[in-house]
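S.K.: Provided herewith: entry22.pdb, PDB, C-alpha atoms and all ligand atoms.
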MODEL        1
ATOM      1  CA  MET J   1      18.194 -14.148  27.745
ATOM      2  CA  ILE J   2      14.916 -12.973  26.218
ATOM      3  CA  PRO J   3      15.083  -9.133  26.358
ATOM      4  CA  VAL J   4      11.301  -8.521  26.364
ATOM      5  CA  LYS J   5       8.346  -9.741  28.414
ATOM      6  CA  PRO J   6       5.306  -8.951  26.268
ATOM      7  CA  SER J   7       1.718  -9.512  27.391
ATOM      8  CA  LYS J   8       1.062 -10.121  23.703
ATOM      9  CA  ILE J   9       2.851 -10.264  20.371
ATOM     10  CA  VAL J  10       0.913  -8.505  17.617
ATOM     11  CA  CYS J  11       2.341  -9.209  14.170
ATOM     12  CA  ILE J  12       1.820  -7.451  10.855
ATOM     13  CA  GLY J  13       1.389  -9.562   7.714
ATOM     14  CA  ARG J  14       2.148  -8.573   4.112
ATOM     15  CA  ASN J  15       3.671  -5.184   4.847
ATOM     16  CA  TYR J  16       6.169  -5.251   1.944
ATOM     17  CA  LEU J  17       4.830  -5.442  -1.607
ATOM     18  CA  ALA J  18       7.591  -7.723  -2.920
ATOM     19  CA  HIS J  19       6.976 -10.246  -0.124
ATOM     20  CA  ALA J  20       3.193 -10.203  -0.610
ATOM     21  CA  ARG J  21       3.756 -10.908  -4.315
ATOM     22  CA  GLU J  22       6.287 -13.706  -3.792
ATOM     23  CA  LEU J  23       3.561 -15.679  -1.993
ATOM     24  CA  GLY J  24       0.912 -14.789  -4.576
ATOM     25  CA  ASN J  25      -0.812 -12.079  -2.517
ATOM     26  CA  GLU J  26      -1.513  -8.383  -2.886
ATOM     27  CA  LEU J  27      -1.071  -5.730  -0.220
ATOM     28  CA  PRO J  28      -3.970  -5.758   2.260
ATOM     29  CA  PRO J  29      -6.330  -2.728   2.125
ATOM     30  CA  GLU J  30      -5.672  -2.090   5.841
ATOM     31  CA  PRO J  31      -2.864  -3.411   8.098
ATOM     32  CA  LEU J  32      -3.226  -7.195   8.513
ATOM     33  CA  ILE J  33      -2.696  -8.214  12.145
ATOM     34  CA  PHE J  34      -2.354 -11.580  13.868
ATOM     35  CA  LEU J  35      -1.099 -12.839  17.216
ATOM     36  CA  LYS J  36       1.764 -15.076  18.257
ATOM     37  CA  PRO J  37       1.639 -16.448  21.814
ATOM     38  CA  PRO J  38       4.318 -15.318  24.302
ATOM     39  CA  SER J  39       5.103 -19.025  24.802
ATOM     40  CA  ALA J  40       6.717 -18.950  21.329
ATOM     41  CA  LEU J  41       9.492 -16.565  22.457
ATOM     42  CA  LEU J  42      13.061 -17.802  22.077
ATOM     43  CA  ALA J  43      16.265 -16.212  23.358
ATOM     44  CA  PRO J  44      19.243 -15.270  21.173
ATOM     45  CA  GLU J  45      21.427 -18.337  20.518
ATOM     46  CA  GLY J  46      18.454 -20.588  21.354
ATOM     47  CA  THR J  47      17.413 -23.440  19.065
ATOM     48  CA  ILE J  48      14.377 -23.267  16.767
ATOM     49  CA  LEU J  49      12.722 -26.686  16.977
ATOM     50  CA  LEU J  50      11.202 -28.040  13.736
ATOM     51  CA  PRO J  51       7.850 -29.601  14.712
ATOM     52  CA  PRO J  52       6.847 -33.008  13.292
ATOM     53  CA  GLN J  53       3.512 -31.543  12.087
ATOM     54  CA  SER J  54       5.227 -29.428   9.386
ATOM     55  CA  GLN J  55       7.382 -30.203   6.350
ATOM     56  CA  GLN J  56       7.994 -26.528   5.497
ATOM     57  CA  VAL J  57       9.224 -24.270   8.275
ATOM     58  CA  GLU J  58      10.398 -20.865   7.028
ATOM     59  CA  TYR J  59      12.208 -17.840   8.483
ATOM     60  CA  GLU J  60      10.792 -14.306   8.335
ATOM     61  CA  GLY J  61      13.300 -11.670   9.455
ATOM     62  CA  GLU J  62      11.532  -8.595  10.834
ATOM     63  CA  ILE J  63      12.038  -5.295  12.618
ATOM     64  CA  GLY J  64      10.442  -5.626  16.057
ATOM     65  CA  VAL J  65       8.897  -2.646  17.843
ATOM     66  CA  VAL J  66       8.685  -2.803  21.641
ATOM     67  CA  VAL J  67       6.052  -0.516  23.104
ATOM     68  CA  LEU J  68       7.450   1.327  26.143
ATOM     69  CA  GLU J  69       4.312   3.184  27.212
ATOM     70  CA  ARG J  70       0.631   2.248  27.216
ATOM     71  CA  LEU J  71      -1.026   3.053  23.877
ATOM     72  CA  SER J  72      -4.801   3.100  23.515
ATOM     73  CA  HIS J  73      -6.658   4.794  20.660
ATOM     74  CA  VAL J  74      -3.628   6.896  19.712
ATOM     75  CA  SER J  75      -3.440   8.936  16.534
ATOM     76  CA  VAL J  76      -0.746   8.275  13.938
ATOM     77  CA  GLU J  77       0.956  11.502  15.034
ATOM     78  CA  ALA J  78       0.941  10.507  18.716
ATOM     79  CA  ALA J  79       2.197   7.017  17.873
ATOM     80  CA  GLY J  80       5.119   8.577  16.009
ATOM     81  CA  GLU J  81       6.130  10.409  19.175
ATOM     82  CA  ALA J  82       5.571   7.511  21.605
ATOM     83  CA  ARG J  83       8.447   5.903  23.535
ATOM     84  CA  LEU J  84       9.489   2.897  21.481
ATOM     85  CA  GLY J  85      12.252   0.331  21.520
ATOM     86  CA  PHE J  86      13.503  -1.690  18.576
ATOM     87  CA  THR J  87      14.779  -5.234  18.277
ATOM     88  CA  CYS J  88      15.197  -8.123  15.827
ATOM     89  CA  VAL J  89      12.481 -10.756  15.434
ATOM     90  CA  ASN J  90      12.219 -13.964  13.447
ATOM     91  CA  ASP J  91       8.532 -14.664  12.717
ATOM     92  CA  VAL J  92       9.122 -18.387  12.141
ATOM     93  CA  THR J  93       6.237 -19.897  10.179
ATOM     94  CA  ALA J  94       5.107 -23.405   9.213
ATOM     95  CA  ARG J  95       4.139 -22.371   5.664
ATOM     96  CA  ASP J  96       2.320 -25.614   4.849
ATOM     97  CA  LEU J  97       0.117 -25.340   7.952
ATOM     98  CA  GLN J  98      -0.489 -21.631   7.313
ATOM     99  CA  LYS J  99      -1.991 -22.603   3.955
ATOM    100  CA  SER J 100      -3.917 -25.687   5.089
ATOM    101  CA  ASP J 101      -5.344 -24.192   8.314
ATOM    102  CA  GLY J 102      -6.580 -20.951   6.747
ATOM    103  CA  GLN J 103      -5.934 -19.026   9.959
ATOM    104  CA  TRP J 104      -2.442 -18.791  11.323
ATOM    105  CA  SER J 105      -2.408 -19.540  15.040
ATOM    106  CA  ARG J 106      -0.875 -23.009  14.741
ATOM    107  CA  ALA J 107       1.496 -22.173  11.879
ATOM    108  CA  LYS J 108       2.941 -19.178  13.727
ATOM    109  CA  GLY J 109       2.510 -20.359  17.306
ATOM    110  CA  PHE J 110       4.797 -23.317  17.967
ATOM    111  CA  ASP J 111       7.200 -23.070  20.886
ATOM    112  CA  THR J 112      10.500 -21.452  19.726
ATOM    113  CA  PHE J 113       8.816 -19.764  16.705
ATOM    114  CA  CYS J 114       9.495 -16.223  17.968
ATOM    115  CA  PRO J 115      13.232 -15.644  18.403
ATOM    116  CA  VAL J 116      13.821 -12.077  19.640
ATOM    117  CA  GLY J 117      16.805  -9.930  20.624
ATOM    118  CA  PRO J 118      19.674  -9.628  21.268
ATOM    119  CA  ARG J 119      18.575  -6.396  22.963
ATOM    120  CA  VAL J 120      16.016  -3.615  22.837
ATOM    121  CA  VAL J 121      17.336  -0.219  21.749
ATOM    122  CA  GLU J 122      15.477   3.017  22.406
ATOM    123  CA  GLY J 123      15.714   6.234  20.484
ATOM    124  CA  LEU J 124      16.274   4.955  16.938
ATOM    125  CA  ASP J 125      14.591   6.755  14.036
ATOM    126  CA  TRP J 126      11.821   4.424  12.833
ATOM    127  CA  ARG J 127      11.949   6.024   9.366
ATOM    128  CA  THR J 128      15.407   4.733   8.465
ATOM    129  CA  LEU J 129      15.704   1.211   9.912
ATOM    130  CA  GLU J 130      16.907  -1.737   7.829
ATOM    131  CA  VAL J 131      16.626  -5.490   8.336
ATOM    132  CA  ARG J 132      18.776  -8.236   6.819
ATOM    133  CA  THR J 133      18.407 -11.993   7.132
ATOM    134  CA  ARG J 134      21.212 -14.508   6.573
ATOM    135  CA  VAL J 135      21.045 -18.305   6.466
ATOM    136  CA  ASN J 136      24.405 -20.015   7.062
ATOM    137  CA  GLY J 137      26.080 -16.683   6.342
ATOM    138  CA  SER J 138      24.413 -15.937   2.993
ATOM    139  CA  GLU J 139      22.042 -12.981   2.718
ATOM    140  CA  ARG J 140      18.422 -13.867   1.884
ATOM    141  CA  GLN J 141      16.427 -10.767   2.837
ATOM    142  CA  HIS J 142      16.996  -7.022   2.949
ATOM    143  CA  GLY J 143      14.243  -4.554   3.765
ATOM    144  CA  ARG J 144      13.897  -0.955   4.866
ATOM    145  CA  THR J 145      11.146   0.763   6.813
ATOM    146  CA  ALA J 146      10.861   3.171   3.876
ATOM    147  CA  ASP J 147       9.536   0.257   1.799
ATOM    148  CA  MET J 148       6.764  -0.704   4.243
ATOM    149  CA  ALA J 149       3.185  -0.439   3.018
ATOM    150  CA  TYR J 150       2.108   0.743   6.488
ATOM    151  CA  SER J 151       4.560   2.767   8.564
ATOM    152  CA  ILE J 152       5.271   1.966  12.201
ATOM    153  CA  PRO J 153       3.090   4.849  13.539
ATOM    154  CA  VAL J 154       0.218   3.789  11.254
ATOM    155  CA  ILE J 155       0.547   0.202  12.528
ATOM    156  CA  LEU J 156       0.604   1.269  16.196
ATOM    157  CA  SER J 157      -2.368   3.601  15.774
ATOM    158  CA  TYR J 158      -4.313   0.863  13.992
ATOM    159  CA  ILE J 159      -3.603  -1.819  16.602
ATOM    160  CA  SER J 160      -4.307   0.571  19.486
ATOM    161  CA  SER J 161      -7.791   1.211  18.068
ATOM    162  CA  VAL J 162      -8.478  -2.507  18.623
ATOM    163  CA  MET J 163      -6.502  -3.521  21.723
ATOM    164  CA  THR J 164      -4.555  -1.570  24.334
ATOM    165  CA  LEU J 165      -0.812  -1.965  23.888
ATOM    166  CA  GLU J 166       0.961  -2.404  27.220
ATOM    167  CA  PRO J 167       4.608  -1.620  27.988
ATOM    168  CA  GLY J 168       6.681  -4.541  26.753
ATOM    169  CA  ASP J 169       4.292  -5.617  24.018
ATOM    170  CA  LEU J 170       6.125  -6.720  20.881
ATOM    171  CA  ILE J 171       5.129  -5.807  17.310
ATOM    172  CA  PRO J 172       6.944  -7.675  14.517
ATOM    173  CA  THR J 173       6.339  -5.313  11.600
ATOM    174  CA  GLY J 174       6.334  -7.699   8.624
ATOM    175  CA  THR J 175       8.966  -9.415   6.522
ATOM    176  CA  PRO J 176      10.564  -8.302   3.240
ATOM    177  CA  ALA J 177      10.871 -10.567   0.199
ATOM    178  CA  GLY J 178      13.153 -13.586   0.268
ATOM    179  CA  VAL J 179      11.543 -15.938   2.782
ATOM    180  CA  GLY J 180      12.657 -19.555   2.578
ATOM    181  CA  ARG J 181      12.986 -22.876   4.327
ATOM    182  CA  LEU J 182      14.918 -23.764   7.422
ATOM    183  CA  ALA J 183      16.548 -27.162   7.853
ATOM    184  CA  SER J 184      18.111 -28.887  10.814
ATOM    185  CA  GLY J 185      21.658 -27.663  11.287
ATOM    186  CA  ASP J 186      21.049 -24.206   9.804
ATOM    187  CA  THR J 187      22.161 -21.018  11.500
ATOM    188  CA  ILE J 188      19.783 -18.114  10.959
ATOM    189  CA  GLU J 189      20.607 -14.450  11.620
ATOM    190  CA  VAL J 190      18.347 -11.410  11.628
ATOM    191  CA  GLU J 191      20.132  -8.045  11.806
ATOM    192  CA  VAL J 192      18.414  -4.705  12.408
ATOM    193  CA  SER J 193      20.466  -1.532  11.948
ATOM    194  CA  GLY J 194      21.343   0.041  15.283
ATOM    195  CA  VAL J 195      20.275  -3.045  17.233
ATOM    196  CA  GLY J 196      22.592  -5.936  16.421
ATOM    197  CA  ILE J 197      22.308  -9.536  15.281
ATOM    198  CA  LEU J 198      19.824 -12.148  16.465
ATOM    199  CA  ARG J 199      21.384 -15.587  15.857
ATOM    200  CA  ASN J 200      19.654 -18.959  16.302
ATOM    201  CA  SER J 201      20.271 -22.547  15.368
ATOM    202  CA  VAL J 202      17.708 -25.009  13.972
ATOM    203  CA  ARG J 203      17.034 -28.645  14.906
TER     204      ARG J 203
HETATM  205 MG    MG M 301       5.830 -12.209   9.439
ENDMDL
END
Give the structure from the file, written as structure tokens.
Ligand code: MG

M.R.:
Amino acid sequence: MIPVKPSKIVCIGRNYLAHARELGNELPPEPLIFLKPPSALLAPEGTILLPPQSQQVEYEGEIGVVVLERLSHVSVEAAGEARLGFTCVNDVTARDLQKSDGQWSRAKGFDTFCPVGPRVVEGLDWRTLEVRTRVNGSERQHGRTADMAYSIPVILSYISSVMTLEPGDLIPTGTPAGVGRLASGDTIEVEVSGVGILRNSVR
């Protein structure tokens, strides 16, 4: 079961220096935001479907923030005290289409490209969260909120100065270094400390 029902999914790109560099980029001068459509959501244990349009589908394990109260034009301080939930997200990306299209709606927006779950946990300390990604049991990514270029309150304040965040909205906060390809038959796991493990298969 999908544990969230967001009106929108607002993602952060290039929020870890080592990941920005591994793809030949620098950190953005302000938070870099983009949208994934809610139609991309996939439940835990669901199957990520590799689309015929792409030859290079990659995982991006991320810490997901679930907004639990309406946020509009909030300060960084207020965002740090807002009611938040946390979950695991896989920001699945067709890397070849991301490069060729220039903007990212297609590359990030296929059905099944936003696995989320297995649950939403309130009351965790956003300063000390960790995320790990495993493919077929072997660890590929490990990141900590302490290593983010833009902290979770900074991200929420920034987004809320553009668009109102509604209860249930989902914010994948960026992926650490170590992204890589998915192939049919793979099992992919994203684990966030205090939340649990999001596990999906690939076909
Ligand atoms: Mg991402």

S.K.: Taking all atoms listed in the file into account, which of J:Thr93, J:Gln98, J:Thr128, J:Thr164 comes nearest ligand MG 301 (chain M)?

M.R.: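 Using all atoms listed in the file, the shortest distance to ligand MG 301 (chain M) belongs to J:Thr93.
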
S.K.: Distance limit 9 Å, reference ligand MG 301 (chain M), atoms considered: only C-alpha atoms and all ligand atoms. Which residues make the cut? Give them as an mmCIF file with C-alpha atoms, in the coordinates of the input.

M.R.:
data_model
loop_
_atom_site.group_PDB
_atom_site.id
_atom_site.type_symbol
_atom_site.label_atom_id
_atom_site.label_comp_id
_atom_site.auth_asym_id
_atom_site.auth_seq_id
_atom_site.Cartn_x
_atom_site.Cartn_y
_atom_site.Cartn_z
ATOM 1 C CA CYS J 11 2.341 -9.209 14.170
ATOM 2 C CA ILE J 12 1.820 -7.451 10.855
ATOM 3 C CA GLY J 13 1.389 -9.562 7.714
ATOM 4 C CA ARG J 14 2.148 -8.573 4.112
ATOM 5 C CA ASN J 15 3.671 -5.184 4.847
ATOM 6 C CA TYR J 59 12.208 -17.840 8.483
ATOM 7 C CA GLU J 60 10.792 -14.306 8.335
ATOM 8 C CA GLY J 61 13.300 -11.670 9.455
ATOM 9 C CA GLU J 62 11.532 -8.595 10.834
ATOM 10 C CA ASN J 90 12.219 -13.964 13.447
ATOM 11 C CA ASP J 91 8.532 -14.664 12.717
ATOM 12 C CA VAL J 92 9.122 -18.387 12.141
ATOM 13 C CA THR J 93 6.237 -19.897 10.179
ATOM 14 C CA LYS J 108 2.941 -19.178 13.727
ATOM 15 C CA PRO J 172 6.944 -7.675 14.517
ATOM 16 C CA THR J 173 6.339 -5.313 11.600
ATOM 17 C CA GLY J 174 6.334 -7.699 8.624
ATOM 18 C CA THR J 175 8.966 -9.415 6.522
ATOM 19 C CA PRO J 176 10.564 -8.302 3.240
#

S.K.: Of the residues J:Leu170, J:Val116, J:Leu35, J:Cys88, which is the one nearest to Gln103 of chain J, using all atoms listed in the file?

M.R.: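 Under the stated criterion, the closest residue is J:Leu35.
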
S.K.: Calculate how many Å separate atom CA of Arg181 of chain J from atom CA of Arg21 of chain J, rounding to one decimal.

M.R.: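 Spanning atom CA of Arg181 of chain J to atom CA of Arg21 of chain J is a straight-line distance of 17.4 Å.
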
S.K.: Select, from J:Thr112, J:Asn200, J:Ser75, J:Gln53, the residue with the minimum atom-to-atom distance to Asp96 of chain J, counting only C-alpha atoms.

M.R.: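 Distance minimum relative to Asp96 of chain J lands on J:Gln53.
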
S.K.: Determine the nearest neighbour of Ala18 of chain J from the options J:Pro51, J:Gly143, J:Gly194, J:Gly102, counting all atoms listed in the file.

M.R.: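 Closest to Ala18 of chain J, using all atoms listed in the file: J:Gly143.
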
S.K.: Need to verify the contact set: Pro167 of chain J, 6 Å, all atoms listed in the file, exclusion of same-chain residues closer than 4 positions in sequence. Can you return it as a list in words?

M.R.: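 Residues near the query, excluding close chain neighbours: Val67, Leu68, Glu69 and Arg70 of chain J.
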
S.K.: Please evaluate the PyMOL selection byres (((chain J and resi 65) around 7) and not hetatm) against the displayed coordinates and give the resulting residues as a list in words.

M.R.: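 That selection, the PyMOL selection byres (((chain J and resi 65) around 7) and not hetatm), comes back as Ile63, Gly64, Val66, Val67, Leu84, Gly85, Phe86, Thr87, Leu170, Ile171 and Pro172 of chain J.
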
S.K.: For the file shown, report as a list of chain:residue names the outcome of the PyMOL selection byres (((chain J and resi 133-136) around 8) and not hetatm) at residue level.

M.R.: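 Matching residues under the PyMOL selection byres (((chain J and resi 133-136) around 8) and not hetatm) are J:Gly61, J:Val131, J:Arg132, J:Gly137, J:Ser138, J:Glu139, J:Arg140, J:Gln141, J:His142, J:Asp186, J:Thr187, J:Ile188, J:Glu189, J:Val190, J:Glu191.
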
S.K.: Pick out the closest residue to Ala78 of chain J from this set: J:Val10, J:Val57, J:Ala149, J:Val154. Count all atoms listed in the file.

M.R.: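 Closest residue, counting all atoms listed in the file: J:Val154.
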
S.K.: Could you state the separation of atom CA of Val162 of chain J and atom CA of Val4 of chain J in Å, given to one decimal place?

M.R.: 22.1 Å

S.K.: Which value, in Å to one decimal, gives the distance between atom CA of Val76 of chain J and atom CA of Glu22 of chain J?

M.R.: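 Separating atom CA of Val76 of chain J from atom CA of Glu22 of chain J is a distance of 29.1 Å.
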
S.K.: Take the PyMOL selection byres (((chain J and resi 160) around 10) and not hetatm), apply it to the structure above, and return the hits as a compact mmCIF listing (two decimals) with C-alpha atoms, keeping the file's coordinate frame.

M.R.:
# COMPACT_ATOMS: atom_id res chain seq x y z
CA ARG J 70 0.63 2.25 27.22
CA LEU J 71 -1.03 3.05 23.88
CA SER J 72 -4.80 3.10 23.52
CA HIS J 73 -6.66 4.79 20.66
CA VAL J 74 -3.63 6.90 19.71
CA SER J 75 -3.44 8.94 16.53
CA ALA J 79 2.20 7.02 17.87
CA VAL J 154 0.22 3.79 11.25
CA ILE J 155 0.55 0.20 12.53
CA LEU J 156 0.60 1.27 16.20
CA SER J 157 -2.37 3.60 15.77
CA TYR J 158 -4.31 0.86 13.99
CA ILE J 159 -3.60 -1.82 16.60
CA SER J 161 -7.79 1.21 18.07
CA VAL J 162 -8.48 -2.51 18.62
CA MET J 163 -6.50 -3.52 21.72
CA THR J 164 -4.56 -1.57 24.33
CA LEU J 165 -0.81 -1.96 23.89
CA GLU J 166 0.96 -2.40 27.22

S.K.: Can you tell me, as a list in words, what residues are no more than 10 Å from Pro118 of chain J when counting all atoms listed in the file, ignoring any on the same chain fewer than 4 positions away?

M.R.: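 Here the answer would be Met1, Ile2, Pro3, Val4, Ala43, Pro44, Glu45, Thr87, Cys88, Val89, Val190, Glu191, Val195, Gly196, Ile197, Leu198 and Arg199 of chain J.
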
S.K.: Could you save the residues just selected, with C-alpha atoms, as a PDB file, in the frame of the given file?

M.R.:
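The resulting file, selection-v4.pdb, is shown below:
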ATOM      1  CA  MET J   1      18.194 -14.148  27.745  1.00  0.00           C
ATOM      2  CA  ILE J   2      14.916 -12.973  26.218  1.00  0.00           C
ATOM      3  CA  PRO J   3      15.083  -9.133  26.358  1.00  0.00           C
ATOM      4  CA  VAL J   4      11.301  -8.521  26.364  1.00  0.00           C
ATOM      5  CA  ALA J  43      16.265 -16.212  23.358  1.00  0.00           C
ATOM      6  CA  PRO J  44      19.243 -15.270  21.173  1.00  0.00           C
ATOM      7  CA  GLU J  45      21.427 -18.337  20.518  1.00  0.00           C
ATOM      8  CA  THR J  87      14.779  -5.234  18.277  1.00  0.00           C
ATOM      9  CA  CYS J  88      15.197  -8.123  15.827  1.00  0.00           C
ATOM     10  CA  VAL J  89      12.481 -10.756  15.434  1.00  0.00           C
ATOM     11  CA  VAL J 190      18.347 -11.410  11.628  1.00  0.00           C
ATOM     12  CA  GLU J 191      20.132  -8.045  11.806  1.00  0.00           C
ATOM     13  CA  VAL J 195      20.275  -3.045  17.233  1.00  0.00           C
ATOM     14  CA  GLY J 196      22.592  -5.936  16.421  1.00  0.00           C
ATOM     15  CA  ILE J 197      22.308  -9.536  15.281  1.00  0.00           C
ATOM     16  CA  LEU J 198      19.824 -12.148  16.465  1.00  0.00           C
ATOM     17  CA  ARG J 199      21.384 -15.587  15.857  1.00  0.00           C
TER      18      ARG J 199
END

S.K.: Looking at all atoms listed in the file, which of J:Gly80, J:Pro31, J:Gly168, J:Gly109 is the one that sits closest to Trp126 of chain J?

M.R.: J:Gly80

S.K.: Have segment 94-105 of chain J completed to N, CA, C and O atoms, please, and pass it along as a compact mmCIF listing (two decimals), in the frame of the given file.

M.R.:
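File written: part_34.txt
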# COMPACT_ATOMS: atom_id res chain seq x y z
N ALA J 94 5.31 -22.12 9.91
CA ALA J 94 5.11 -23.40 9.21
C ALA J 94 4.22 -23.12 8.00
O ALA J 94 2.99 -23.05 8.10
N ARG J 95 4.87 -22.89 6.83
CA ARG J 95 4.14 -22.37 5.66
C ARG J 95 3.06 -23.34 5.20
O ARG J 95 1.98 -22.92 4.76
N ASP J 96 3.33 -24.64 5.29
CA ASP J 96 2.32 -25.61 4.85
C ASP J 96 1.08 -25.57 5.74
O ASP J 96 -0.06 -25.63 5.25
N LEU J 97 1.27 -25.40 7.04
CA LEU J 97 0.12 -25.34 7.95
C LEU J 97 -0.61 -24.01 7.84
O LEU J 97 -1.83 -23.93 8.02
N GLN J 98 0.15 -22.95 7.53
CA GLN J 98 -0.49 -21.63 7.31
C GLN J 98 -1.49 -21.73 6.17
O GLN J 98 -2.61 -21.21 6.25
N LYS J 99 -1.09 -22.46 5.10
CA LYS J 99 -1.99 -22.60 3.96
C LYS J 99 -3.15 -23.54 4.27
O LYS J 99 -4.30 -23.26 3.97
N SER J 100 -2.86 -24.68 4.89
CA SER J 100 -3.92 -25.69 5.09
C SER J 100 -4.90 -25.29 6.19
O SER J 100 -6.08 -25.61 6.10
N ASP J 101 -4.44 -24.56 7.22
CA ASP J 101 -5.34 -24.19 8.31
C ASP J 101 -6.24 -23.01 7.95
O ASP J 101 -7.31 -22.85 8.54
N GLY J 102 -5.79 -22.14 7.05
CA GLY J 102 -6.58 -20.95 6.75
C GLY J 102 -6.30 -19.82 7.71
O GLY J 102 -5.97 -18.73 7.29
N GLN J 103 -6.42 -20.03 9.00
CA GLN J 103 -5.93 -19.03 9.96
C GLN J 103 -4.60 -19.51 10.52
O GLN J 103 -4.21 -20.65 10.30
N TRP J 104 -3.88 -18.60 11.21
CA TRP J 104 -2.44 -18.79 11.32
C TRP J 104 -1.94 -19.14 12.72
O TRP J 104 -0.73 -19.20 12.93
N SER J 105 -2.85 -19.38 13.65
CA SER J 105 -2.41 -19.54 15.04
C SER J 105 -1.45 -20.71 15.22
O SER J 105 -0.43 -20.59 15.90
